[in-house]
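Q: My structure is in start_12.cif, and what it holds is mmCIF, C-alpha atoms:
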```
data_structure
loop_
_atom_site.label_atom_id
_atom_site.label_comp_id
_atom_site.auth_asym_id
_atom_site.auth_seq_id
_atom_site.Cartn_x
_atom_site.Cartn_y
_atom_site.Cartn_z
CA MET A 1076 -47.86 -5.11 -4.67
CA ILE A 1077 -48.98 -2.86 -1.81
CA THR A 1078 -46.63 -0.11 -3.00
CA ASN A 1079 -48.01 -0.31 -6.54
CA PHE A 1080 -51.57 -0.16 -5.22
CA LEU A 1081 -50.76 2.86 -3.05
CA LEU A 1082 -48.96 4.59 -5.92
CA ASP A 1083 -52.02 4.07 -8.11
CA HIS A 1084 -54.35 5.23 -5.32
CA SER A 1085 -52.26 7.81 -3.48
CA ALA A 1086 -55.31 9.40 -1.87
CA LEU A 1087 -55.71 6.20 0.19
CA VAL A 1088 -52.31 6.60 1.89
CA PRO A 1089 -53.66 8.81 4.73
CA VAL A 1090 -56.42 6.22 5.21
CA ALA A 1091 -53.74 3.52 5.45
CA ILE A 1092 -51.90 5.54 8.12
CA ALA A 1093 -55.15 5.99 10.03
CA LEU A 1094 -55.78 2.23 9.83
CA VAL A 1095 -52.25 1.52 11.10
CA ALA A 1096 -52.83 3.91 14.00
CA LEU A 1097 -56.24 2.37 14.74
CA VAL A 1098 -54.87 -1.20 14.76
CA CYS A 1099 -52.03 -0.07 17.03
CA ALA A 1100 -54.46 1.66 19.40
CA VAL A 1101 -56.72 -1.39 19.61
CA LEU A 1102 -53.82 -3.78 20.22
CA GLY A 1103 -52.21 -1.37 22.68
CA HIS A 1104 -55.45 -1.06 24.62
CA LEU A 1105 -55.99 -4.83 24.65
CA PHE A 1106 -52.47 -5.58 25.86
CA ALA A 1107 -51.87 -2.55 28.11
CA GLY A 1108 -49.74 -3.59 31.06
CA LYS A 1109 -48.65 -6.84 29.38
CA ARG A 1110 -45.07 -5.86 28.65
CA ARG A 1111 -43.96 -9.15 27.11
CA ILE A 1112 -46.72 -8.98 24.53
CA LEU A 1113 -46.02 -5.29 23.86
CA TRP A 1114 -42.31 -6.03 23.35
CA ALA A 1115 -43.25 -8.91 21.03
CA LEU A 1116 -45.46 -6.51 19.04
CA THR A 1117 -42.55 -4.06 18.95
CA GLY A 1118 -40.31 -6.76 17.52
CA ALA A 1119 -42.92 -7.86 15.00
CA SER A 1120 -43.45 -4.28 13.84
CA LEU A 1121 -39.70 -3.84 13.34
CA VAL A 1122 -39.64 -6.65 10.75
CA PRO A 1123 -41.13 -4.50 7.97
CA VAL A 1124 -38.89 -1.59 9.01
CA PHE A 1125 -35.77 -3.66 8.41
CA ALA A 1126 -37.18 -5.54 5.42
CA LEU A 1127 -38.21 -2.38 3.60
CA THR A 1128 -35.27 -0.17 4.52
CA LEU A 1129 -32.23 -2.44 4.46
CA MET A 1130 -32.96 -4.50 1.35
CA PRO A 1131 -30.78 -3.33 -1.53
CA THR A 1132 -32.58 -2.08 -4.60
CA ALA A 1133 -31.59 -2.69 -8.19
CA HIS A 1134 -31.39 0.98 -9.13
CA THR A 1135 -28.66 3.51 -8.39
CA ILE A 1136 -28.82 7.26 -8.49
CA ASP A 1137 -25.87 8.24 -10.73
CA GLY A 1138 -23.27 7.79 -8.00
CA ILE A 1139 -25.09 9.99 -5.48
CA LEU A 1140 -24.69 8.43 -2.04
CA CYS A 1141 -27.13 10.50 -0.05
CA THR A 1142 -29.83 13.02 -0.89
CA VAL A 1143 -30.11 15.90 1.56
CA GLN A 1144 -33.57 17.41 1.33
CA PHE A 1145 -36.49 18.16 3.58
CA SER A 1146 -40.03 18.13 2.23
CA LEU A 1147 -43.35 18.26 3.97
CA PRO A 1148 -45.61 15.32 3.14
CA THR A 1149 -48.62 15.88 0.96
CA LEU A 1150 -51.54 13.56 0.36
CA GLY A 1151 -49.96 12.40 -2.90
CA ALA A 1152 -46.48 11.80 -1.44
CA VAL A 1153 -46.80 8.04 -1.06
CA GLU A 1154 -43.18 7.36 -0.07
CA LEU A 1155 -43.05 10.16 2.50
CA LEU A 1156 -46.29 9.08 4.16
CA ALA A 1157 -45.27 5.42 4.03
CA ASN A 1158 -42.17 6.36 6.03
CA VAL A 1159 -44.43 7.94 8.66
CA ALA A 1160 -46.53 4.77 8.87
CA LEU A 1161 -43.44 2.55 9.02
CA PHE A 1162 -42.12 3.93 12.31
CA LEU A 1163 -45.43 4.56 14.08
CA PRO A 1164 -46.08 0.94 15.27
CA PRO A 1165 -42.67 0.03 16.73
CA VAL A 1166 -42.35 3.33 18.60
CA TYR A 1167 -45.95 3.07 19.78
CA PHE A 1168 -45.59 -0.44 21.20
CA ALA A 1169 -42.13 0.25 22.66
CA THR A 1170 -43.46 3.38 24.39
CA LEU A 1171 -46.31 1.41 25.97
CA ALA A 1172 -43.95 -1.41 27.00
CA ALA A 1173 -41.16 0.75 28.40
CA GLU A 1174 -43.32 3.63 29.68
CA ARG A 1175 -40.55 6.00 28.59
CA PRO A 1176 -41.89 8.21 25.80
CA LEU A 1177 -38.86 10.48 25.33
CA THR A 1178 -36.47 7.55 25.33
CA MET A 1179 -38.54 5.68 22.75
CA PHE A 1180 -38.89 8.79 20.58
CA ALA A 1181 -35.11 9.25 20.67
CA ALA A 1182 -34.58 5.54 19.94
CA GLY A 1183 -36.96 5.68 16.95
CA SER A 1184 -35.28 8.76 15.51
CA ALA A 1185 -31.81 7.29 16.14
CA LEU A 1186 -32.78 3.98 14.51
CA SER A 1187 -33.93 5.89 11.44
CA ALA A 1188 -30.63 7.84 11.36
CA VAL A 1189 -28.66 4.58 11.57
CA ILE A 1190 -30.73 3.06 8.76
CA GLU A 1191 -30.19 6.12 6.56
CA THR A 1192 -26.46 5.99 7.31
CA LEU A 1193 -26.37 2.33 6.28
CA GLN A 1194 -28.37 3.17 3.16
CA ALA A 1195 -25.71 5.70 2.17
CA PHE A 1196 -23.51 2.73 1.32
CA VAL A 1197 -26.20 1.13 -0.89
CA PRO A 1198 -26.74 4.10 -2.25
CA ALA A 1199 -30.23 5.01 -1.13
CA CYS A 1200 -29.96 7.50 1.72
CA ASP A 1201 -32.51 10.30 1.85
CA THR A 1202 -32.91 12.78 4.69
CA ASN A 1203 -36.62 12.99 3.89
CA ASP A 1204 -36.90 9.36 4.97
CA TRP A 1205 -35.28 10.17 8.33
CA LEU A 1206 -37.57 13.16 8.83
CA MET A 1207 -40.73 11.21 7.98
CA ASN A 1208 -39.64 8.24 10.13
CA THR A 1209 -39.12 10.70 12.99
CA VAL A 1210 -42.60 12.14 12.39
CA GLY A 1211 -43.87 8.56 12.62
CA ALA A 1212 -42.00 8.19 15.92
CA VAL A 1213 -43.63 11.37 17.25
CA LEU A 1214 -47.07 10.07 16.24
CA GLY A 1215 -46.30 6.69 17.82
CA VAL A 1216 -45.35 8.32 21.13
CA ALA A 1217 -48.38 10.63 21.05
CA LEU A 1218 -50.71 7.70 20.34
CA ALA A 1219 -49.09 5.65 23.11
CA LEU A 1220 -49.50 8.50 25.60
CA GLY A 1221 -53.16 8.79 24.63
CA THR A 1222 -53.68 5.05 24.99
CA ALA A 1223 -51.92 4.97 28.38
CA TRP A 1224 -54.05 7.89 29.57
CA LEU A 1225 -57.28 6.15 28.49
CA VAL A 1226 -56.26 2.86 30.13
CA LYS A 1227 -55.34 4.66 33.36
CA ARG A 1228 -58.56 6.67 33.34
CA ARG A 1229 -60.63 3.53 32.77
CA ALA A 1230 -58.81 1.75 35.62
CA GLN A 1231 -59.41 4.69 37.95
CA SER A 1232 -63.10 4.92 37.09
CA GLY A 1233 -63.40 1.14 37.58
CA SER A 1234 -61.78 1.31 41.03
CA SER A 1235 -63.94 4.24 42.09
CA MET A 1236 -67.04 2.31 41.00
CA GLY A 1237 -65.90 -0.56 43.20
CA ALA A 1238 -65.46 1.81 46.15
CA ILE A 1239 -68.98 3.17 45.65
CA SER A 1240 -70.60 -0.25 45.61
CA SER A 1241 -68.67 -1.47 48.69
#
```
Give the structure from this file in structure tokens form.
A:
Amino acid sequence: MITNFLLDHSALVPVAIALVALVCAVLGHLFAGKRRILWALTGASLVPVFALTLMPTAHTIDGILCTVQFSLPTLGAVELLANVALFLPPVYFATLAAERPLTMFAAGSALSAVIETLQAFVPACDTNDWLMNTVGAVLGVALALGTAWLVKRRAQSGSSMGAISS
């Protein structure tokens, strides 16, 4: 249903990605420093990743196991942009929880590669999916770094205010 809506209104896909990023940023800010909650959010955000990527589809592509192609997303490329949005939340929350941005970026990109490898047996592998998932991982890490910086800055300004009033 969501896919059909987005296909019919492809111009709204960038808005959907922005909303995903905004919801992540709000939740990340609210639960900054609460690793258990951040890991739970990571797990919850992996559910759609696995549900949407590892479910077999009814169609096959004339015996082709894997499509090797690299395309840049455009505003009308619903599937490419959806792949960006799919990996942003889990990498974002994992980066905040683990405080290891490069490790979480690598894990997000590796997870996407593993999924695409598994999809080659379905057949449904597409290197564009891996690339867009990796772009989503980059955005997730960047957003997490920004959130962590804002939380740290707010904490520092709060502690300096306390020192002034003492």
Q: Let me know the residues the PyMOL selection byres ((chain A and resi 1155-1164) around 7) catches in the file above, as a PyMOL selection string.
A: chain A and resi 1088+1092+1095+1099+1120+1124+1148+1152-1154+1165-1168+1204+1207-1208+1210-1212+1214-1215
Q: Between A:Ala1093, A:Ala1107, A:Leu1193, A:Leu1186, which has the minimum distance to Leu1220 (chain A) (counting only C-alpha atoms)?
A: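 The shortest atom-to-atom distance to Leu1220 (chain A) comes from A:Ala1107.
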Q: Expanded to explicit residues, what is the PyMOL selection byres ((chain A and resi 1103) around 10) for this file, as a PDB file with C-alpha atoms, keeping the file's coordinate frame?
A:
```pdb
ATOM      1  CA  LEU A1097     -56.240   2.370  14.740  1.00  0.00           C
ATOM      2  CA  VAL A1098     -54.870  -1.200  14.760  1.00  0.00           C
ATOM      3  CA  CYS A1099     -52.030  -0.070  17.030  1.00  0.00           C
ATOM      4  CA  ALA A1100     -54.460   1.660  19.400  1.00  0.00           C
ATOM      5  CA  VAL A1101     -56.720  -1.390  19.610  1.00  0.00           C
ATOM      6  CA  LEU A1102     -53.820  -3.780  20.220  1.00  0.00           C
ATOM      7  CA  HIS A1104     -55.450  -1.060  24.620  1.00  0.00           C
ATOM      8  CA  LEU A1105     -55.990  -4.830  24.650  1.00  0.00           C
ATOM      9  CA  PHE A1106     -52.470  -5.580  25.860  1.00  0.00           C
ATOM     10  CA  ALA A1107     -51.870  -2.550  28.110  1.00  0.00           C
ATOM     11  CA  GLY A1108     -49.740  -3.590  31.060  1.00  0.00           C
ATOM     12  CA  LYS A1109     -48.650  -6.840  29.380  1.00  0.00           C
ATOM     13  CA  ILE A1112     -46.720  -8.980  24.530  1.00  0.00           C
ATOM     14  CA  LEU A1113     -46.020  -5.290  23.860  1.00  0.00           C
ATOM     15  CA  LEU A1116     -45.460  -6.510  19.040  1.00  0.00           C
ATOM     16  CA  PRO A1164     -46.080   0.940  15.270  1.00  0.00           C
ATOM     17  CA  TYR A1167     -45.950   3.070  19.780  1.00  0.00           C
ATOM     18  CA  PHE A1168     -45.590  -0.440  21.200  1.00  0.00           C
ATOM     19  CA  LEU A1171     -46.310   1.410  25.970  1.00  0.00           C
ATOM     20  CA  ALA A1172     -43.950  -1.410  27.000  1.00  0.00           C
ATOM     21  CA  LEU A1218     -50.710   7.700  20.340  1.00  0.00           C
ATOM     22  CA  ALA A1219     -49.090   5.650  23.110  1.00  0.00           C
ATOM     23  CA  THR A1222     -53.680   5.050  24.990  1.00  0.00           C
ATOM     24  CA  ALA A1223     -51.920   4.970  28.380  1.00  0.00           C
ATOM     25  CA  VAL A1226     -56.260   2.860  30.130  1.00  0.00           C
TER      26      VAL A1226
END
```
Q: Could you tell me which of A:Val1189, A:Pro1176, A:Ala1230, A:Leu1087 comes closest to Val1213 (chain A) if we count only C-alpha atoms?
A: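 Distance minimum relative to Val1213 (chain A) lands on A:Pro1176.
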Q: Please determine, counting only C-alpha atoms, which residue among A:Thr1128, A:Val1090, A:Trp1114, A:Glu1174 has the shortest atom-to-atom distance to Trp1224 (chain A).
A: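 Distance minimum relative to Trp1224 (chain A) lands on A:Glu1174.
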Q: Enter the distance from CA of Arg1228 (chain A) to CA of Leu1121 (chain A), in Å, rounded to one decimal.
A: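 Calculated distance between CA of Arg1228 (chain A) and CA of Leu1121 (chain A) is 29.4 Å.
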Q: For CA of Leu1127 (chain A) and CA of Ile1190 (chain A), determine how far apart the two atoms are, in Å to one decimal place.
A: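 Rounded to one decimal, the two atoms are 10.6 Å apart.
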Q: Which of these, A:Ala1086, A:Thr1117, A:Thr1170, A:Arg1110, has the shortest distance to Gly1221 (chain A) once you count all atoms listed in the file?
A: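 Checking each candidate against Gly1221 (chain A), we get A:Thr1170 as the closest.
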Q: Counting all atoms listed in the file, what is within 10 Å of Thr1178 (chain A), bar same-chain residues fewer than 5 positions away, as number ranges by chain?
A: A: 1166, 1169-1170, 1173, 1183-1184, 1216
Q: Quick one: pull the distance between CA of Arg1175 (chain A) and CA of Arg1111 (chain A), Å, one decimal.
A: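 One can read the CA of Arg1175 (chain A) to CA of Arg1111 (chain A) distance as 15.6 Å.
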Q: Which residues come within 7 Å of Trp1205 (chain A), counting all atoms listed in the file, excluding same-chain residues fewer than 6 positions away, as a list of chain:residue names?
A: A:Ser1187, A:Ala1188, A:Glu1191
Q: Let me make sure I understand: among A:Phe1180, A:Ala1217, A:Arg1229, A:Gln1194, which one has the smallest atom-to-atom distance to Leu1129 (chain A) if we use all atoms listed in the file?
A: A:Gln1194
